$ cat final18.pdb   # PDB, C-alpha atoms, pLDDT in the B column
ATOM      1  CA  MET A   1      37.484  68.634  73.379  1.00 45.00           C
ATOM      2  CA  ARG A   2      40.450  70.440  71.864  1.00 48.00           C
ATOM      3  CA  THR A   3      40.915  74.081  72.877  1.00 50.00           C
ATOM      4  CA  ALA A   4      40.470  76.993  70.471  1.00 48.00           C
ATOM      5  CA  GLY A   5      44.209  77.737  70.693  1.00 48.00           C
ATOM      6  CA  TRP A   6      44.952  74.240  69.407  1.00 44.00           C
ATOM      7  CA  THR A   7      43.606  75.166  65.952  1.00 47.00           C
ATOM      8  CA  ASP A   8      46.273  77.841  65.429  1.00 49.00           C
ATOM      9  CA  SER A   9      49.215  75.489  64.909  1.00 49.00           C
ATOM     10  CA  VAL A  10      47.963  72.149  63.659  1.00 59.00           C
ATOM     11  CA  THR A  11      49.184  70.019  60.798  1.00 78.00           C
ATOM     12  CA  VAL A  12      46.986  68.534  58.078  1.00 80.00           C
ATOM     13  CA  LEU A  13      47.343  65.157  59.810  1.00 83.00           C
ATOM     14  CA  ASP A  14      46.172  66.696  63.106  1.00 83.00           C
ATOM     15  CA  ARG A  15      43.044  68.014  61.356  1.00 86.00           C
ATOM     16  CA  LEU A  16      42.326  64.656  59.714  1.00 87.00           C
ATOM     17  CA  THR A  17      42.741  62.891  63.046  1.00 86.00           C
ATOM     18  CA  ALA A  18      40.436  65.409  64.735  1.00 87.00           C
ATOM     19  CA  VAL A  19      37.739  64.778  62.124  1.00 88.00           C
ATOM     20  CA  PHE A  20      37.930  60.997  62.516  1.00 86.00           C
ATOM     21  CA  ASP A  21      38.037  61.250  66.323  1.00 84.00           C
ATOM     22  CA  ALA A  22      34.911  63.415  66.258  1.00 86.00           C
ATOM     23  CA  PHE A  23      32.782  60.506  65.089  1.00 82.00           C
ATOM     24  CA  GLY A  24      33.363  58.469  68.235  1.00 70.00           C
ATOM     25  CA  GLU A  25      30.463  56.019  68.575  1.00 56.00           C
ATOM     26  CA  HIS A  26      28.156  57.959  66.227  1.00 51.00           C
ATOM     27  CA  ASP A  27      26.918  55.427  63.701  1.00 58.00           C
ATOM     28  CA  GLU A  28      23.972  57.676  62.801  1.00 70.00           C
ATOM     29  CA  GLY A  29      26.233  60.175  61.067  1.00 82.00           C
ATOM     30  CA  LEU A  30      27.106  63.814  61.671  1.00 90.00           C
ATOM     31  CA  GLY A  31      26.453  67.028  59.782  1.00 92.00           C
ATOM     32  CA  VAL A  32      29.363  69.318  58.889  1.00 93.00           C
ATOM     33  CA  SER A  33      28.440  71.851  61.615  1.00 94.00           C
ATOM     34  CA  GLU A  34      28.349  69.210  64.356  1.00 92.00           C
ATOM     35  CA  LEU A  35      31.525  67.617  63.012  1.00 92.00           C
ATOM     36  CA  ALA A  36      33.293  71.008  63.070  1.00 92.00           C
ATOM     37  CA  ARG A  37      32.110  71.646  66.640  1.00 92.00           C
ATOM     38  CA  ARG A  38      33.314  68.246  67.844  1.00 90.00           C
ATOM     39  CA  ALA A  39      36.658  68.545  66.024  1.00 89.00           C
ATOM     40  CA  ASN A  40      37.035  72.175  67.183  1.00 90.00           C
ATOM     41  CA  LEU A  41      37.864  73.250  63.645  1.00 91.00           C
ATOM     42  CA  PRO A  42      36.352  75.944  61.393  1.00 92.00           C
ATOM     43  CA  LYS A  43      33.325  74.739  59.486  1.00 93.00           C
ATOM     44  CA  SER A  44      34.940  75.726  56.171  1.00 92.00           C
ATOM     45  CA  THR A  45      38.004  73.599  57.004  1.00 92.00           C
ATOM     46  CA  VAL A  46      35.908  70.577  57.941  1.00 93.00           C
ATOM     47  CA  SER A  47      33.777  70.980  54.812  1.00 94.00           C
ATOM     48  CA  ARG A  48      36.897  70.966  52.610  1.00 93.00           C
ATOM     49  CA  ILE A  49      38.470  67.993  54.455  1.00 92.00           C
ATOM     50  CA  ALA A  50      35.186  66.079  54.344  1.00 92.00           C
ATOM     51  CA  GLY A  51      34.963  66.597  50.576  1.00 92.00           C
ATOM     52  CA  ASP A  52      38.448  65.143  50.089  1.00 91.00           C
ATOM     53  CA  LEU A  53      37.721  62.215  52.404  1.00 91.00           C
ATOM     54  CA  VAL A  54      34.460  61.409  50.620  1.00 91.00           C
ATOM     55  CA  ALA A  55      36.331  61.419  47.302  1.00 90.00           C
ATOM     56  CA  GLN A  56      38.760  58.860  48.788  1.00 86.00           C
ATOM     57  CA  ARG A  57      35.871  56.770  50.256  1.00 85.00           C
ATOM     58  CA  LEU A  58      37.242  57.348  53.761  1.00 87.00           C
ATOM     59  CA  LEU A  59      33.955  59.116  54.572  1.00 90.00           C
ATOM     60  CA  ASP A  60      30.526  58.439  53.070  1.00 88.00           C
ATOM     61  CA  ARG A  61      27.962  61.187  52.497  1.00 89.00           C
ATOM     62  CA  GLU A  62      24.214  60.569  52.604  1.00 87.00           C
ATOM     63  CA  GLY A  63      22.142  63.714  52.294  1.00 87.00           C
ATOM     64  CA  GLY A  64      23.507  66.165  54.824  1.00 88.00           C
ATOM     65  CA  LYS A  65      25.119  63.513  57.031  1.00 90.00           C
ATOM     66  CA  LEU A  66      28.663  62.133  56.971  1.00 91.00           C
ATOM     67  CA  TYR A  67      29.599  58.596  58.026  1.00 87.00           C
ATOM     68  CA  LEU A  68      32.873  56.723  58.421  1.00 85.00           C
ATOM     69  CA  GLY A  69      33.588  55.324  54.982  1.00 83.00           C
ATOM     70  CA  VAL A  70      33.675  51.799  53.625  1.00 73.00           C
ATOM     71  CA  ARG A  71      37.360  52.096  52.788  1.00 77.00           C
ATOM     72  CA  LEU A  72      38.241  52.578  56.464  1.00 77.00           C
ATOM     73  CA  PHE A  73      36.661  49.217  57.219  1.00 67.00           C
ATOM     74  CA  GLU A  74      38.506  47.646  54.275  1.00 63.00           C
ATOM     75  CA  LEU A  75      41.800  49.017  55.638  1.00 67.00           C
ATOM     76  CA  ALA A  76      40.918  47.728  59.111  1.00 64.00           C
ATOM     77  CA  GLN A  77      40.392  44.265  57.622  1.00 59.00           C
ATOM     78  CA  THR A  78      43.926  44.262  56.185  1.00 59.00           C
ATOM     79  CA  VAL A  79      45.240  44.885  59.705  1.00 60.00           C
ATOM     80  CA  GLU A  80      42.904  42.357  61.307  1.00 61.00           C
ATOM     81  CA  LYS A  81      43.821  39.479  58.988  1.00 70.00           C
ATOM     82  CA  PRO A  82      47.539  39.288  59.909  1.00 74.00           C
ATOM     83  CA  ARG A  83      46.661  39.675  63.585  1.00 77.00           C
ATOM     84  CA  ARG A  84      44.150  36.815  63.437  1.00 80.00           C
ATOM     85  CA  LEU A  85      46.591  34.742  61.427  1.00 85.00           C
ATOM     86  CA  ARG A  86      49.358  35.231  64.002  1.00 84.00           C
ATOM     87  CA  HIS A  87      46.920  34.418  66.824  1.00 85.00           C
ATOM     88  CA  LEU A  88      45.876  31.147  65.181  1.00 88.00           C
ATOM     89  CA  ALA A  89      49.387  30.270  64.045  1.00 91.00           C
ATOM     90  CA  LEU A  90      51.317  30.776  67.287  1.00 92.00           C
ATOM     91  CA  PRO A  91      50.297  27.518  69.044  1.00 94.00           C
ATOM     92  CA  VAL A  92      50.917  25.521  65.846  1.00 95.00           C
ATOM     93  CA  MET A  93      54.283  27.239  65.305  1.00 94.00           C
ATOM     94  CA  THR A  94      55.303  26.545  68.905  1.00 95.00           C
ATOM     95  CA  GLU A  95      54.379  22.877  68.574  1.00 95.00           C
ATOM     96  CA  LEU A  96      56.278  22.625  65.282  1.00 95.00           C
ATOM     97  CA  ARG A  97      59.327  24.204  66.947  1.00 94.00           C
ATOM     98  CA  ASP A  98      59.105  21.713  69.805  1.00 94.00           C
ATOM     99  CA  VAL A  99      58.686  18.716  67.477  1.00 93.00           C
ATOM    100  CA  THR A 100      61.565  19.645  65.150  1.00 93.00           C
ATOM    101  CA  GLY A 101      63.831  21.483  67.588  1.00 92.00           C
ATOM    102  CA  HIS A 102      64.305  24.244  64.987  1.00 93.00           C
ATOM    103  CA  THR A 103      63.181  27.839  64.445  1.00 93.00           C
ATOM    104  CA  VAL A 104      59.770  28.346  62.791  1.00 95.00           C
ATOM    105  CA  SER A 105      58.711  31.347  60.662  1.00 94.00           C
ATOM    106  CA  LEU A 106      55.367  32.557  59.317  1.00 93.00           C
ATOM    107  CA  GLY A 107      55.293  34.604  56.113  1.00 92.00           C
ATOM    108  CA  VAL A 108      52.948  36.098  53.522  1.00 91.00           C
ATOM    109  CA  LEU A 109      53.522  37.015  49.886  1.00 90.00           C
ATOM    110  CA  ASP A 110      53.830  40.725  49.064  1.00 87.00           C
ATOM    111  CA  GLY A 111      54.797  41.394  45.467  1.00 87.00           C
ATOM    112  CA  SER A 112      57.893  39.349  44.716  1.00 88.00           C
ATOM    113  CA  ASP A 113      58.861  39.088  48.384  1.00 90.00           C
ATOM    114  CA  VAL A 114      57.810  37.140  51.445  1.00 91.00           C
ATOM    115  CA  VAL A 115      57.154  39.336  54.478  1.00 88.00           C
ATOM    116  CA  ILE A 116      57.750  37.645  57.847  1.00 88.00           C
ATOM    117  CA  LEU A 117      54.762  37.959  60.212  1.00 87.00           C
ATOM    118  CA  GLY A 118      56.000  35.832  63.080  1.00 88.00           C
ATOM    119  CA  VAL A 119      58.963  33.818  64.367  1.00 90.00           C
ATOM    120  CA  VAL A 120      59.196  31.181  67.112  1.00 92.00           C
ATOM    121  CA  ARG A 121      62.865  30.604  67.833  1.00 90.00           C
ATOM    122  CA  ALA A 122      64.423  27.382  69.030  1.00 90.00           C
ATOM    123  CA  ALA A 123      66.843  27.613  71.937  1.00 86.00           C
ATOM    124  CA  GLY A 124      70.306  27.313  70.479  1.00 81.00           C
ATOM    125  CA  GLY A 125      68.845  26.975  66.981  1.00 76.00           C
ATOM    126  CA  CYS A 126      70.041  28.907  63.961  1.00 78.00           C
ATOM    127  CA  ALA A 127      68.648  32.351  63.271  1.00 79.00           C
ATOM    128  CA  PRO A 128      65.448  32.658  61.226  1.00 79.00           C
ATOM    129  CA  PRO A 129      65.862  33.654  57.559  1.00 78.00           C
ATOM    130  CA  ALA A 130      64.567  37.131  58.497  1.00 80.00           C
ATOM    131  CA  SER A 131      63.165  38.887  61.555  1.00 81.00           C
ATOM    132  CA  VAL A 132      59.516  39.941  61.891  1.00 81.00           C
ATOM    133  CA  GLY A 133      58.760  42.554  59.239  1.00 79.00           C
ATOM    134  CA  GLY A 134      61.752  41.465  57.171  1.00 84.00           C
ATOM    135  CA  ARG A 135      61.551  40.568  53.483  1.00 88.00           C
ATOM    136  CA  LEU A 136      62.894  37.606  51.542  1.00 90.00           C
ATOM    137  CA  PRO A 137      62.878  36.959  47.774  1.00 91.00           C
ATOM    138  CA  ALA A 138      60.053  34.520  47.083  1.00 91.00           C
ATOM    139  CA  HIS A 139      61.857  32.527  44.375  1.00 92.00           C
ATOM    140  CA  ALA A 140      64.897  31.818  46.567  1.00 91.00           C
ATOM    141  CA  THR A 141      63.184  30.595  49.732  1.00 93.00           C
ATOM    142  CA  ALA A 142      61.082  27.620  50.803  1.00 94.00           C
ATOM    143  CA  LEU A 143      58.494  30.022  52.234  1.00 96.00           C
ATOM    144  CA  GLY A 144      58.216  31.834  48.925  1.00 95.00           C
ATOM    145  CA  LYS A 145      58.031  28.693  46.814  1.00 96.00           C
ATOM    146  CA  ALA A 146      55.334  27.242  49.076  1.00 97.00           C
ATOM    147  CA  LEU A 147      53.263  30.381  48.441  1.00 96.00           C
ATOM    148  CA  LEU A 148      54.023  30.676  44.715  1.00 96.00           C
ATOM    149  CA  ALA A 149      53.080  27.044  44.077  1.00 96.00           C
ATOM    150  CA  PHE A 150      49.447  27.831  44.927  1.00 95.00           C
ATOM    151  CA  SER A 151      49.351  31.420  43.625  1.00 93.00           C
ATOM    152  CA  ALA A 152      47.757  32.583  40.368  1.00 91.00           C
ATOM    153  CA  ARG A 153      49.860  31.962  37.261  1.00 91.00           C
ATOM    154  CA  GLU A 154      50.057  35.735  36.657  1.00 92.00           C
ATOM    155  CA  THR A 155      51.714  36.217  40.048  1.00 92.00           C
ATOM    156  CA  VAL A 156      54.482  33.753  39.201  1.00 93.00           C
ATOM    157  CA  GLU A 157      54.905  35.169  35.683  1.00 93.00           C
ATOM    158  CA  ARG A 158      55.305  38.704  37.043  1.00 92.00           C
ATOM    159  CA  ILE A 159      58.018  37.579  39.461  1.00 91.00           C
ATOM    160  CA  VAL A 160      59.826  35.746  36.653  1.00 92.00           C
ATOM    161  CA  GLN A 161      59.649  38.855  34.457  1.00 90.00           C
ATOM    162  CA  GLU A 162      61.134  40.964  37.249  1.00 89.00           C
ATOM    163  CA  GLY A 163      64.132  38.620  37.246  1.00 87.00           C
ATOM    164  CA  LEU A 164      65.160  35.706  39.466  1.00 83.00           C
ATOM    165  CA  ALA A 165      68.185  37.204  41.177  1.00 88.00           C
ATOM    166  CA  GLN A 166      70.930  34.846  42.272  1.00 87.00           C
ATOM    167  CA  ARG A 167      71.529  34.825  46.046  1.00 87.00           C
ATOM    168  CA  THR A 168      73.866  31.836  46.292  1.00 80.00           C
ATOM    169  CA  SER A 169      75.299  29.336  43.837  1.00 86.00           C
ATOM    170  CA  ARG A 170      72.234  27.149  44.472  1.00 87.00           C
ATOM    171  CA  THR A 171      69.493  29.741  43.843  1.00 81.00           C
ATOM    172  CA  THR A 172      66.952  28.861  41.170  1.00 84.00           C
ATOM    173  CA  THR A 173      67.362  31.556  38.502  1.00 81.00           C
ATOM    174  CA  GLU A 174      65.789  29.895  35.472  1.00 87.00           C
ATOM    175  CA  ALA A 175      62.031  30.109  34.834  1.00 89.00           C
ATOM    176  CA  GLY A 176      61.628  26.510  33.644  1.00 92.00           C
ATOM    177  CA  MET A 177      63.377  25.109  36.696  1.00 92.00           C
ATOM    178  CA  LEU A 178      61.244  27.241  39.011  1.00 92.00           C
ATOM    179  CA  ALA A 179      58.079  25.998  37.272  1.00 93.00           C
ATOM    180  CA  ARG A 180      59.176  22.373  37.802  1.00 94.00           C
ATOM    181  CA  GLU A 181      59.940  23.054  41.473  1.00 95.00           C
ATOM    182  CA  LEU A 182      56.517  24.655  42.001  1.00 95.00           C
ATOM    183  CA  ALA A 183      54.828  21.644  40.378  1.00 96.00           C
ATOM    184  CA  ASP A 184      56.702  19.394  42.839  1.00 95.00           C
ATOM    185  CA  VAL A 185      55.529  21.574  45.731  1.00 95.00           C
ATOM    186  CA  ARG A 186      51.901  21.198  44.654  1.00 95.00           C
ATOM    187  CA  ARG A 187      52.375  17.428  44.367  1.00 94.00           C
ATOM    188  CA  LEU A 188      54.244  16.948  47.665  1.00 92.00           C
ATOM    189  CA  GLY A 189      52.577  19.675  49.733  1.00 92.00           C
ATOM    190  CA  VAL A 190      55.915  21.051  50.905  1.00 95.00           C
ATOM    191  CA  ALA A 191      58.653  23.315  49.512  1.00 95.00           C
ATOM    192  CA  THR A 192      62.358  22.957  50.277  1.00 91.00           C
ATOM    193  CA  ASP A 193      65.403  25.190  50.101  1.00 90.00           C
ATOM    194  CA  THR A 194      68.945  23.980  50.722  1.00 85.00           C
ATOM    195  CA  GLU A 195      71.380  26.920  50.794  1.00 84.00           C
ATOM    196  CA  GLU A 196      69.420  28.754  48.080  1.00 85.00           C
ATOM    197  CA  TRP A 197      68.951  31.895  50.157  1.00 86.00           C
ATOM    198  CA  ALA A 198      71.737  31.602  52.736  1.00 86.00           C
ATOM    199  CA  LYS A 199      74.782  29.378  52.997  1.00 85.00           C
ATOM    200  CA  ASP A 200      74.591  26.581  55.574  1.00 85.00           C
ATOM    201  CA  ARG A 201      70.807  26.950  55.924  1.00 87.00           C
ATOM    202  CA  ALA A 202      68.113  24.442  54.973  1.00 89.00           C
ATOM    203  CA  CYS A 203      64.375  25.127  55.086  1.00 91.00           C
ATOM    204  CA  ALA A 204      61.121  23.270  54.545  1.00 94.00           C
ATOM    205  CA  ALA A 205      57.848  25.164  54.177  1.00 96.00           C
ATOM    206  CA  GLY A 206      54.161  24.449  53.715  1.00 97.00           C
ATOM    207  CA  ALA A 207      51.427  26.728  52.387  1.00 96.00           C
ATOM    208  CA  ILE A 208      48.451  27.638  54.554  1.00 94.00           C
ATOM    209  CA  LEU A 209      45.498  27.549  52.186  1.00 92.00           C
ATOM    210  CA  GLY A 210      42.262  29.478  52.552  1.00 87.00           C
ATOM    211  CA  GLN A 211      39.003  29.542  50.656  1.00 82.00           C
ATOM    212  CA  GLY A 212      39.257  28.058  47.166  1.00 82.00           C
ATOM    213  CA  GLY A 213      42.765  26.774  47.857  1.00 86.00           C
ATOM    214  CA  ALA A 214      44.335  30.250  47.679  1.00 88.00           C
ATOM    215  CA  PRO A 215      47.554  30.649  49.687  1.00 92.00           C
ATOM    216  CA  VAL A 216      47.046  32.823  52.772  1.00 91.00           C
ATOM    217  CA  ALA A 217      50.505  32.378  54.294  1.00 93.00           C
ATOM    218  CA  ALA A 218      53.228  29.767  54.742  1.00 96.00           C
ATOM    219  CA  LEU A 219      55.093  28.155  57.644  1.00 95.00           C
ATOM    220  CA  SER A 220      58.748  27.191  57.479  1.00 95.00           C
ATOM    221  CA  VAL A 221      61.341  25.445  59.621  1.00 94.00           C
ATOM    222  CA  THR A 222      64.939  26.661  59.331  1.00 93.00           C
ATOM    223  CA  ALA A 223      67.829  24.382  60.308  1.00 90.00           C
ATOM    224  CA  PRO A 224      71.585  24.228  59.740  1.00 89.00           C
ATOM    225  CA  ALA A 225      72.173  22.451  56.402  1.00 85.00           C
ATOM    226  CA  THR A 226      74.600  20.088  58.127  1.00 82.00           C
ATOM    227  CA  ASP A 227      72.081  19.182  60.834  1.00 74.00           C
ATOM    228  CA  ALA A 228      68.854  18.371  58.997  1.00 70.00           C
ATOM    229  CA  THR A 229      67.716  17.811  55.448  1.00 78.00           C
ATOM    230  CA  PRO A 230      64.530  19.609  54.357  1.00 76.00           C
ATOM    231  CA  GLU A 231      63.061  16.219  53.444  1.00 82.00           C
ATOM    232  CA  ARG A 232      63.388  15.065  57.056  1.00 87.00           C
ATOM    233  CA  LEU A 233      61.543  18.161  58.260  1.00 89.00           C
ATOM    234  CA  ALA A 234      58.866  17.938  55.569  1.00 91.00           C
ATOM    235  CA  PRO A 235      56.263  15.659  57.243  1.00 93.00           C
ATOM    236  CA  ALA A 236      55.990  17.817  60.378  1.00 95.00           C
ATOM    237  CA  VAL A 237      55.859  21.026  58.320  1.00 95.00           C
ATOM    238  CA  ARG A 238      53.180  19.626  56.011  1.00 95.00           C
ATOM    239  CA  ALA A 239      51.061  18.517  58.976  1.00 95.00           C
ATOM    240  CA  ALA A 240      51.360  21.924  60.675  1.00 95.00           C
ATOM    241  CA  ALA A 241      50.388  23.792  57.487  1.00 95.00           C
ATOM    242  CA  MET A 242      47.366  21.526  56.985  1.00 94.00           C
ATOM    243  CA  THR A 243      46.288  22.059  60.588  1.00 93.00           C
ATOM    244  CA  LEU A 244      46.383  25.836  60.161  1.00 91.00           C
ATOM    245  CA  SER A 245      44.569  25.622  56.826  1.00 91.00           C
ATOM    246  CA  ARG A 246      41.721  23.775  58.536  1.00 90.00           C
ATOM    247  CA  ARG A 247      41.582  26.268  61.401  1.00 87.00           C
ATOM    248  CA  LEU A 248      41.471  29.220  59.013  1.00 81.00           C
ATOM    249  CA  ASP A 249      38.822  27.797  56.734  1.00 72.00           C
ATOM    250  CA  PRO A 250      37.147  24.780  58.389  1.00 63.00           C
ATOM    251  CA  ALA A 251      34.319  24.691  55.832  1.00 53.00           C
ATOM    252  CA  HIS A 252      36.740  23.870  53.016  1.00 50.00           C
ATOM    253  CA  HIS A 253      39.116  21.618  54.947  1.00 53.00           C
ATOM    254  CA  GLY A 254      36.674  19.469  56.862  1.00 51.00           C
TER     255      GLY A 254
END
$ encode --input "final18.pdb" --output "structure tokens"
Amino acid sequence: MRTAGWTDSVTVLDRLTAVFDAFGEHDEGLGVSELARRANLPKSTVSRIAGDLVAQRLLDREGGKLYLGVRLFELAQTVEKPRRLRHLALPVMTELRDVTGHTVSLGVLDGSDVVILGVVRAAGGCAPPASVGGRLPAHATALGKALLAFSARETVERIVQEGLAQRTSRTTTEAGMLARELADVRRLGVATDTEEWAKDRACAAGAILGQGGAPVAALSVTAPATDATPERLAPAVRAAAMTLSRRLDPAHHG
């Protein structure tokens, strides 16, 4: 329980945290008075905060009782999904690294970028295209093209409208060419990138597909362009992506 003196110099975030903490294990809901007592905050303050949180669906109100809101559980799901994905992907990524001898990355699409969720580095191998949490332009990377190939048409059109920025002399910057490349990815089950994002780097990537064939994430192998062609890496990458697709959604990949 927080002391009475604590309420004299607290931030808005402190008050919000106190309100959420007050729920603890109480699934049956709490009235404003009990919530104020548990949070050690004035009832008027808790009533005002609760009203704002209900409006944002972070709390639900039924009669005189308040409950943790549906939106909190939705937000928790967005955290849980990447964690589960990394957990499932790590053994497959490690095996792919061992088979190819090159660094393996896991990424998801966010807007026009790929965000890296995980990396398994090869000893003495070249650096991954980005570190965990880093962003890469989807149109200029194998990871991104693997994801875009199975994304909704509107997603690809929006990225094209935003502009296909040139990263190297080999980057695909023309909409028609990108469309042809994405069609090839769908046909072959693997995307490639030879020095399109970074000089002297070659990548092959495969999409991890979930329910209805929607892309959940993608796996890629990065190698020095002089050491391995993406086509040589493709079979192992395709197999790894298919394995993860089955593990994520066994009912649709049986």
$ closest_residue --input "final18.pdb" --among "A:Glu181, A:Pro230, A:Gly29, A:Leu85" --to "Lys65 of chain A" --atoms "only C-alpha atoms"
A:Gly29
$ residues_around --input "final18.pdb" --residues "segment 157-172 of chain A" --least-positions-apart "5" --cutoff "6 Å" --atoms "only C-alpha atoms" --output "PyMOL selection string"
chain A and resi 112+140+196-197
$ resolve_selection --input "final18.pdb" --expression "the PyMOL selection byres ((chain A and resi 30) around 12)" --output "VMD selection string"
chain A and resid 19 to 20 22 to 29 31 to 39 46 to 47 50 59 to 68
$ residues_around --input "final18.pdb" --residues "Gly210 of chain A" --least-positions-apart "3" --cutoff "7 Å" --atoms "all atoms listed in the file" --output "ChimeraX atom specification"
/A:213-216,245,248-249
$ closest_residue --input "final18.pdb" --among "A:Met242, A:Val132, A:Ala218, A:Ala191" --to "Cys203 of chain A" --atoms "all atoms listed in the file"
A:Ala191
$ atom_distance --input "final18.pdb" --atom1 "atom CA of Ala179 of chain A" --atom2 "atom CA of Ala225 of chain A"
24.0 Å
$ resolve_selection --input "final18.pdb" --expression "the PyMOL selection byres ((chain A and resi 147) around 7)" --output "NGL selection string"
:A and (109 or 143-146 or 148-151 or 207 or 215 or 217-218)
$ write_last_selection --input "final18.pdb" --atoms "C-alpha atoms" --output "short mmCIF file (atom, residue, chain, number, x, y, z; two decimals), in the frame of the given file"
data_model
loop_
_atom_site.label_atom_id
_atom_site.label_comp_id
_atom_site.auth_asym_id
_atom_site.auth_seq_id
_atom_site.Cartn_x
_atom_site.Cartn_y
_atom_site.Cartn_z
CA LEU A 109 53.52 37.02 49.89
CA LEU A 143 58.49 30.02 52.23
CA GLY A 144 58.22 31.83 48.92
CA LYS A 145 58.03 28.69 46.81
CA ALA A 146 55.33 27.24 49.08
CA LEU A 148 54.02 30.68 44.72
CA ALA A 149 53.08 27.04 44.08
CA PHE A 150 49.45 27.83 44.93
CA SER A 151 49.35 31.42 43.62
CA ALA A 207 51.43 26.73 52.39
CA PRO A 215 47.55 30.65 49.69
CA ALA A 217 50.50 32.38 54.29
CA ALA A 218 53.23 29.77 54.74
#
$ residues_around --input "final18.pdb" --residues "Gly125 of chain A" --least-positions-apart "4" --cutoff "9 Å" --atoms "only C-alpha atoms" --output "list in words"
Gly101, His102, Thr103, Arg121, Thr222, Ala223 and Pro224 of chain A
$ closest_residue --input "final18.pdb" --among "A:Val120, A:Val156, A:Ala202, A:Val190" --to "Ala236 of chain A" --atoms "all atoms listed in the file"
A:Val190
$ residues_near_point --input "final18.pdb" --point "(58.1, 21.9, 47.3)" --cutoff "9 Å" --atoms "all atoms listed in the file" --output "PyMOL selection string"
chain A and resi 142+145-146+149+181-193+204-206
$ write_last_selection --input "final18.pdb" --atoms "C-alpha atoms" --output "short mmCIF file (atom, residue, chain, number, x, y, z; two decimals), in the frame of the given file"
data_model
loop_
_atom_site.label_atom_id
_atom_site.label_comp_id
_atom_site.auth_asym_id
_atom_site.auth_seq_id
_atom_site.Cartn_x
_atom_site.Cartn_y
_atom_site.Cartn_z
CA ALA A 142 61.08 27.62 50.80
CA LYS A 145 58.03 28.69 46.81
CA ALA A 146 55.33 27.24 49.08
CA ALA A 149 53.08 27.04 44.08
CA GLU A 181 59.94 23.05 41.47
CA LEU A 182 56.52 24.66 42.00
CA ALA A 183 54.83 21.64 40.38
CA ASP A 184 56.70 19.39 42.84
CA VAL A 185 55.53 21.57 45.73
CA ARG A 186 51.90 21.20 44.65
CA ARG A 187 52.38 17.43 44.37
CA LEU A 188 54.24 16.95 47.66
CA GLY A 189 52.58 19.68 49.73
CA VAL A 190 55.92 21.05 50.90
CA ALA A 191 58.65 23.32 49.51
CA THR A 192 62.36 22.96 50.28
CA ASP A 193 65.40 25.19 50.10
CA ALA A 204 61.12 23.27 54.54
CA ALA A 205 57.85 25.16 54.18
CA GLY A 206 54.16 24.45 53.72
#
$ closest_residue --input "final18.pdb" --among "A:Asn40, A:Leu96, A:Pro129, A:Glu154" --to "Ala241 of chain A" --atoms "all atoms listed in the file"
A:Leu96
$ closest_residue --input "final18.pdb" --among "A:Gly51, A:Pro91, A:Gly69, A:Gly111" --to "His139 of chain A" --atoms "all atoms listed in the file"
A:Gly111
$ atom_distance --input "final18.pdb" --atom1 "atom CA of Val104 of chain A" --atom2 "atom CA of Leu219 of chain A"
7.0 Å
$ resolve_selection --input "final18.pdb" --expression "the PyMOL selection byres ((chain A and resi 133) around 7)" --output "list in words"
Val115, Ile116, Leu117, Ser131, Val132, Gly134 and Arg135 of chain A
$ closest_residue --input "final18.pdb" --among "A:Arg180, A:Asp110, A:Met93, A:Lys81" --to "Ala122 of chain A" --atoms "only C-alpha atoms"
A:Met93
$ atom_distance --input "final18.pdb" --atom1 "atom CA of Thr226 of chain A" --atom2 "atom CA of Asp200 of chain A"
7.0 Å
